[in-house]
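Student: This is work.pdb, which holds PDB, C-alpha atoms, pLDDT in the B column:
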MODEL        1
ATOM      1  CA  MET A   1      21.033  -9.538   6.970  1.00 46.00           C
ATOM      2  CA  GLU A   2      18.448  -7.821   9.160  1.00 45.00           C
ATOM      3  CA  GLY A   3      15.095  -7.657   7.436  1.00 48.00           C
ATOM      4  CA  ASP A   4      16.127 -10.331   4.952  1.00 49.00           C
ATOM      5  CA  THR A   5      13.825 -13.257   4.409  1.00 47.00           C
ATOM      6  CA  PHE A   6      14.807 -16.788   3.528  1.00 47.00           C
ATOM      7  CA  SER A   7      12.804 -19.510   1.927  1.00 49.00           C
ATOM      8  CA  GLY A   8      12.277 -22.134   4.574  1.00 49.00           C
ATOM      9  CA  ILE A   9      11.394 -25.740   5.201  1.00 50.00           C
ATOM     10  CA  GLY A  10      10.557 -26.534   1.587  1.00 50.00           C
ATOM     11  CA  ASN A  11       6.959 -25.309   1.782  1.00 49.00           C
ATOM     12  CA  GLY A  12       7.437 -21.737   0.607  1.00 46.00           C
ATOM     13  CA  THR A  13       7.429 -20.337   4.148  1.00 50.00           C
ATOM     14  CA  GLN A  14       9.549 -17.220   4.596  1.00 57.00           C
ATOM     15  CA  ILE A  15      11.877 -17.026   7.612  1.00 62.00           C
ATOM     16  CA  ASP A  16      12.958 -13.587   8.815  1.00 72.00           C
ATOM     17  CA  GLY A  17      16.717 -12.996   9.014  1.00 78.00           C
ATOM     18  CA  LYS A  18      16.418 -11.982  12.674  1.00 79.00           C
ATOM     19  CA  ILE A  19      14.798 -15.308  13.527  1.00 80.00           C
ATOM     20  CA  LEU A  20      17.516 -17.142  11.637  1.00 84.00           C
ATOM     21  CA  GLN A  21      20.181 -15.238  13.589  1.00 87.00           C
ATOM     22  CA  THR A  22      18.487 -16.195  16.856  1.00 85.00           C
ATOM     23  CA  PHE A  23      18.419 -19.865  15.864  1.00 88.00           C
ATOM     24  CA  GLN A  24      22.074 -19.746  14.854  1.00 92.00           C
ATOM     25  CA  LYS A  25      23.063 -18.015  18.107  1.00 92.00           C
ATOM     26  CA  ASN A  26      21.238 -20.637  20.185  1.00 92.00           C
ATOM     27  CA  PHE A  27      22.746 -23.522  18.221  1.00 93.00           C
ATOM     28  CA  VAL A  28      26.245 -22.058  18.751  1.00 96.00           C
ATOM     29  CA  GLN A  29      25.529 -21.795  22.492  1.00 97.00           C
ATOM     30  CA  VAL A  30      24.344 -25.405  22.576  1.00 97.00           C
ATOM     31  CA  GLN A  31      27.437 -26.585  20.684  1.00 97.00           C
ATOM     32  CA  ASN A  32      29.751 -24.696  23.055  1.00 98.00           C
ATOM     33  CA  ILE A  33      28.080 -26.271  26.086  1.00 98.00           C
ATOM     34  CA  LEU A  34      28.267 -29.735  24.514  1.00 98.00           C
ATOM     35  CA  ASP A  35      31.978 -29.220  23.799  1.00 98.00           C
ATOM     36  CA  GLN A  36      32.482 -28.204  27.425  1.00 98.00           C
ATOM     37  CA  ASN A  37      30.551 -31.303  28.537  1.00 98.00           C
ATOM     38  CA  ARG A  38      32.862 -33.518  26.507  1.00 98.00           C
ATOM     39  CA  LEU A  39      35.861 -32.042  28.355  1.00 98.00           C
ATOM     40  CA  LEU A  40      34.116 -32.465  31.717  1.00 98.00           C
ATOM     41  CA  ILE A  41      33.286 -36.096  30.971  1.00 98.00           C
ATOM     42  CA  ASN A  42      36.898 -36.794  29.984  1.00 98.00           C
ATOM     43  CA  GLU A  43      38.149 -35.231  33.235  1.00 98.00           C
ATOM     44  CA  ILE A  44      35.545 -37.128  35.280  1.00 98.00           C
ATOM     45  CA  ASN A  45      36.632 -40.408  33.650  1.00 98.00           C
ATOM     46  CA  GLN A  46      40.327 -39.693  34.273  1.00 98.00           C
ATOM     47  CA  ASN A  47      39.635 -38.838  37.917  1.00 98.00           C
ATOM     48  CA  HIS A  48      37.571 -41.993  38.335  1.00 98.00           C
ATOM     49  CA  GLU A  49      40.244 -44.194  36.790  1.00 98.00           C
ATOM     50  CA  SER A  50      42.970 -42.659  38.983  1.00 98.00           C
ATOM     51  CA  LYS A  51      41.098 -43.677  42.175  1.00 97.00           C
ATOM     52  CA  ILE A  52      42.918 -40.849  43.997  1.00 97.00           C
ATOM     53  CA  PRO A  53      40.628 -39.596  46.799  1.00 97.00           C
ATOM     54  CA  ASP A  54      41.103 -35.893  45.957  1.00 98.00           C
ATOM     55  CA  ASN A  55      40.272 -36.543  42.297  1.00 97.00           C
ATOM     56  CA  LEU A  56      37.198 -38.572  43.242  1.00 97.00           C
ATOM     57  CA  SER A  57      36.057 -35.732  45.525  1.00 97.00           C
ATOM     58  CA  ARG A  58      36.570 -33.258  42.685  1.00 98.00           C
ATOM     59  CA  ASN A  59      34.239 -35.367  40.529  1.00 98.00           C
ATOM     60  CA  VAL A  60      31.294 -34.350  42.736  1.00 97.00           C
ATOM     61  CA  GLY A  61      31.634 -30.725  41.604  1.00 98.00           C
ATOM     62  CA  LEU A  62      32.370 -31.715  38.008  1.00 98.00           C
ATOM     63  CA  ILE A  63      29.251 -33.893  37.845  1.00 98.00           C
ATOM     64  CA  ARG A  64      27.150 -31.033  39.262  1.00 98.00           C
ATOM     65  CA  GLU A  65      28.572 -28.730  36.588  1.00 98.00           C
ATOM     66  CA  LEU A  66      27.801 -31.351  33.936  1.00 98.00           C
ATOM     67  CA  ASN A  67      24.204 -31.669  35.187  1.00 98.00           C
ATOM     68  CA  ASN A  68      23.765 -27.873  35.137  1.00 98.00           C
ATOM     69  CA  ASN A  69      25.116 -27.756  31.592  1.00 98.00           C
ATOM     70  CA  ILE A  70      22.684 -30.454  30.502  1.00 98.00           C
ATOM     71  CA  ARG A  71      19.850 -28.440  32.072  1.00 98.00           C
ATOM     72  CA  ARG A  72      20.998 -25.362  30.119  1.00 97.00           C
ATOM     73  CA  VAL A  73      21.030 -27.343  26.854  1.00 97.00           C
ATOM     74  CA  VAL A  74      17.482 -28.593  27.525  1.00 97.00           C
ATOM     75  CA  ASP A  75      16.348 -25.010  28.214  1.00 95.00           C
ATOM     76  CA  LEU A  76      18.002 -23.730  25.034  1.00 94.00           C
ATOM     77  CA  TYR A  77      16.339 -26.453  22.958  1.00 93.00           C
ATOM     78  CA  ALA A  78      12.988 -25.652  24.583  1.00 93.00           C
ATOM     79  CA  ASP A  79      13.477 -21.975  23.677  1.00 89.00           C
ATOM     80  CA  LEU A  80      14.424 -22.938  20.129  1.00 89.00           C
ATOM     81  CA  SER A  81      11.371 -25.126  19.809  1.00 89.00           C
ATOM     82  CA  SER A  82       9.100 -22.390  21.116  1.00 87.00           C
ATOM     83  CA  SER A  83      10.661 -19.752  18.854  1.00 83.00           C
ATOM     84  CA  PHE A  84      10.393 -22.040  15.848  1.00 83.00           C
ATOM     85  CA  SER A  85       6.731 -22.805  16.573  1.00 85.00           C
ATOM     86  CA  LYS A  86       5.926 -19.121  16.989  1.00 82.00           C
ATOM     87  CA  SER A  87       7.713 -18.211  13.756  1.00 79.00           C
ATOM     88  CA  MET A  88       5.870 -20.960  11.874  1.00 79.00           C
ATOM     89  CA  GLU A  89       2.533 -19.799  13.308  1.00 79.00           C
ATOM     90  CA  ALA A  90       3.282 -16.196  12.388  1.00 75.00           C
ATOM     91  CA  SER A  91       4.312 -17.108   8.858  1.00 72.00           C
ATOM     92  CA  SER A  92       1.252 -19.305   8.303  1.00 73.00           C
ATOM     93  CA  GLU A  93      -1.321 -16.825   9.644  1.00 69.00           C
ATOM     94  CA  GLY A  94      -1.732 -15.364   6.164  1.00 56.00           C
ATOM     95  CA  ASP A  95      -1.924 -18.819   4.590  1.00 52.00           C
ATOM     96  CA  SER A  96      -5.260 -19.114   2.788  1.00 45.00           C
ATOM     97  CA  SER A  97      -5.107 -22.913   2.687  1.00 46.00           C
ATOM     98  CA  GLY A  98      -5.956 -23.229   6.389  1.00 45.00           C
ATOM     99  CA  ALA A  99      -9.389 -22.972   7.895  1.00 45.00           C
ATOM    100  CA  LEU A 100     -10.211 -19.940  10.031  1.00 41.00           C
ATOM    101  CA  ARG A 101     -10.725 -20.704  13.707  1.00 47.00           C
ATOM    102  CA  SER A 102     -13.221 -18.912  15.859  1.00 45.00           C
ATOM    103  CA  ASP A 103     -10.497 -16.525  17.047  1.00 46.00           C
ATOM    104  CA  GLY A 104      -9.883 -15.460  13.431  1.00 45.00           C
ATOM    105  CA  LYS A 105      -6.458 -17.067  13.125  1.00 47.00           C
ATOM    106  CA  ALA A 106      -5.571 -19.492  10.391  1.00 47.00           C
ATOM    107  CA  GLY A 107      -5.605 -23.113  11.413  1.00 49.00           C
ATOM    108  CA  HIS A 108      -4.854 -26.373   9.695  1.00 50.00           C
ATOM    109  CA  LYS A 109      -7.062 -29.428   9.777  1.00 49.00           C
ATOM    110  CA  ARG A 110      -5.225 -32.665  10.413  1.00 51.00           C
ATOM    111  CA  ASN A 111      -6.199 -35.864   8.680  1.00 56.00           C
ATOM    112  CA  ARG A 112      -6.213 -38.798  11.055  1.00 54.00           C
ATOM    113  CA  PRO A 113      -5.263 -42.234   9.809  1.00 61.00           C
ATOM    114  CA  ALA A 114      -8.169 -44.691   9.783  1.00 57.00           C
TER     115      ALA A 114
ENDMDL
END
Could you take the file, read its structure, and then write that structure out as structure tokens?
Tutor:
Amino acid sequence: MEGDTFSGIGNGTQIDGKILQTFQKNFVQVQNILDQNRLLINEINQNHESKIPDNLSRNVGLIRELNNNIRRVVDLYADLSSSFSKSMEASSEGDSSGALRSDGKAGHKRNRPA
């Protein structure tokens, strides 16, 4: 799979197999964290409904863990977004349809609605 290229996003852009593996790895990490969050939320709800003081105290730690997991998911999505943008920029640098900027890189002119 390494070194392979895949047709991407319907515009003829090629995506490197390594980049695709990175995206897949990050999405699997995100899914695992979200699955863990579902279990945490279920436990938090059960503890809350029980109204047992020890269970309610335990919820403090569970909610902190849930918040940390949410932070990790946000960071993973930010990394994915950044990686995707960089891969799209790299694949479009050789695109002759864009205008050249002063730094010599290919750019694309946006049309603004009137």
Student: Using only the atoms of region 65-80 of chain A listed in the file, plus 5 Å on each side, state the axis-aligned box centre and edge lengths in Å rounded to one decimal, as lines of an AutoDock Vina configuration file.
Tutor:
center_x = 20.8
center_y = -26.8
center_z = 28.4
size_x = 25.6
size_y = 19.7
size_z = 26.5
Student: So, with all atoms listed in the file as the atoms that count, which of A:Ala90, A:Leu80, A:Ile44, A:Val74 lies closest to Val60 (chain A)?
Tutor: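 Among the listed residues, the smallest separation from Val60 (chain A) belongs to A:Ile44.
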Student: Written as a short mmCIF file (atom, residue, chain, number, x, y, z; two decimals) with C-alpha atoms, in the frame of the given file, which residues does the PyMOL selection byres ((chain A and resi 43) around 12) give for the file shown?
Tutor:
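File produced: part09.cif:
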data_model
loop_
_atom_site.label_atom_id
_atom_site.label_comp_id
_atom_site.auth_asym_id
_atom_site.auth_seq_id
_atom_site.Cartn_x
_atom_site.Cartn_y
_atom_site.Cartn_z
CA GLN A 36 32.48 -28.20 27.42
CA ASN A 37 30.55 -31.30 28.54
CA ARG A 38 32.86 -33.52 26.51
CA LEU A 39 35.86 -32.04 28.36
CA LEU A 40 34.12 -32.47 31.72
CA ILE A 41 33.29 -36.10 30.97
CA ASN A 42 36.90 -36.79 29.98
CA ILE A 44 35.54 -37.13 35.28
CA ASN A 45 36.63 -40.41 33.65
CA GLN A 46 40.33 -39.69 34.27
CA ASN A 47 39.64 -38.84 37.92
CA HIS A 48 37.57 -41.99 38.34
CA GLU A 49 40.24 -44.19 36.79
CA SER A 50 42.97 -42.66 38.98
CA ASN A 55 40.27 -36.54 42.30
CA LEU A 56 37.20 -38.57 43.24
CA ARG A 58 36.57 -33.26 42.68
CA ASN A 59 34.24 -35.37 40.53
CA VAL A 60 31.29 -34.35 42.74
CA GLY A 61 31.63 -30.72 41.60
CA LEU A 62 32.37 -31.72 38.01
CA ILE A 63 29.25 -33.89 37.84
CA LEU A 66 27.80 -31.35 33.94
#
Student: Please measure the separation of CA of Asn67 (chain A) and CA of Ile33 (chain A), giving the value in Å to one decimal.
Tutor: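 We find that CA of Asn67 (chain A) and CA of Ile33 (chain A) lie 11.3 Å from each other.
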Student: Nearest to Ile19 (chain A): which of A:Ser83, A:Ser92, A:Arg72, A:Tyr77 is it, counting all atoms listed in the file?
Tutor: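 Closest to Ile19 (chain A), using all atoms listed in the file: A:Ser83.
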Student: Residues near Gln29 (chain A), anyone? I mean within 9 Å using all atoms listed in the file, not counting same-chain ones fewer than 5 positions away, as number ranges by chain.
Tutor: A: 24, 34, 73, 76
Student: Grab the CA of Phe84 (chain A) to CA of Asp16 (chain A) distance for me, in Å with one decimal place.
Tutor: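 Pair CA of Phe84 (chain A) / CA of Asp16 (chain A) returns 11.3 Å.
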Student: Could you check how far CA of Lys25 (chain A) sits from CA of Asn68 (chain A), in Å to one decimal?
Tutor: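 Calculated distance between CA of Lys25 (chain A) and CA of Asn68 (chain A) is 19.7 Å.
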Student: Of the residues A:Ser82, A:Ser87, A:Ser57, A:Asn32, which is the one nearest to Ile70 (chain A), using all atoms listed in the file?
Tutor: A:Asn32
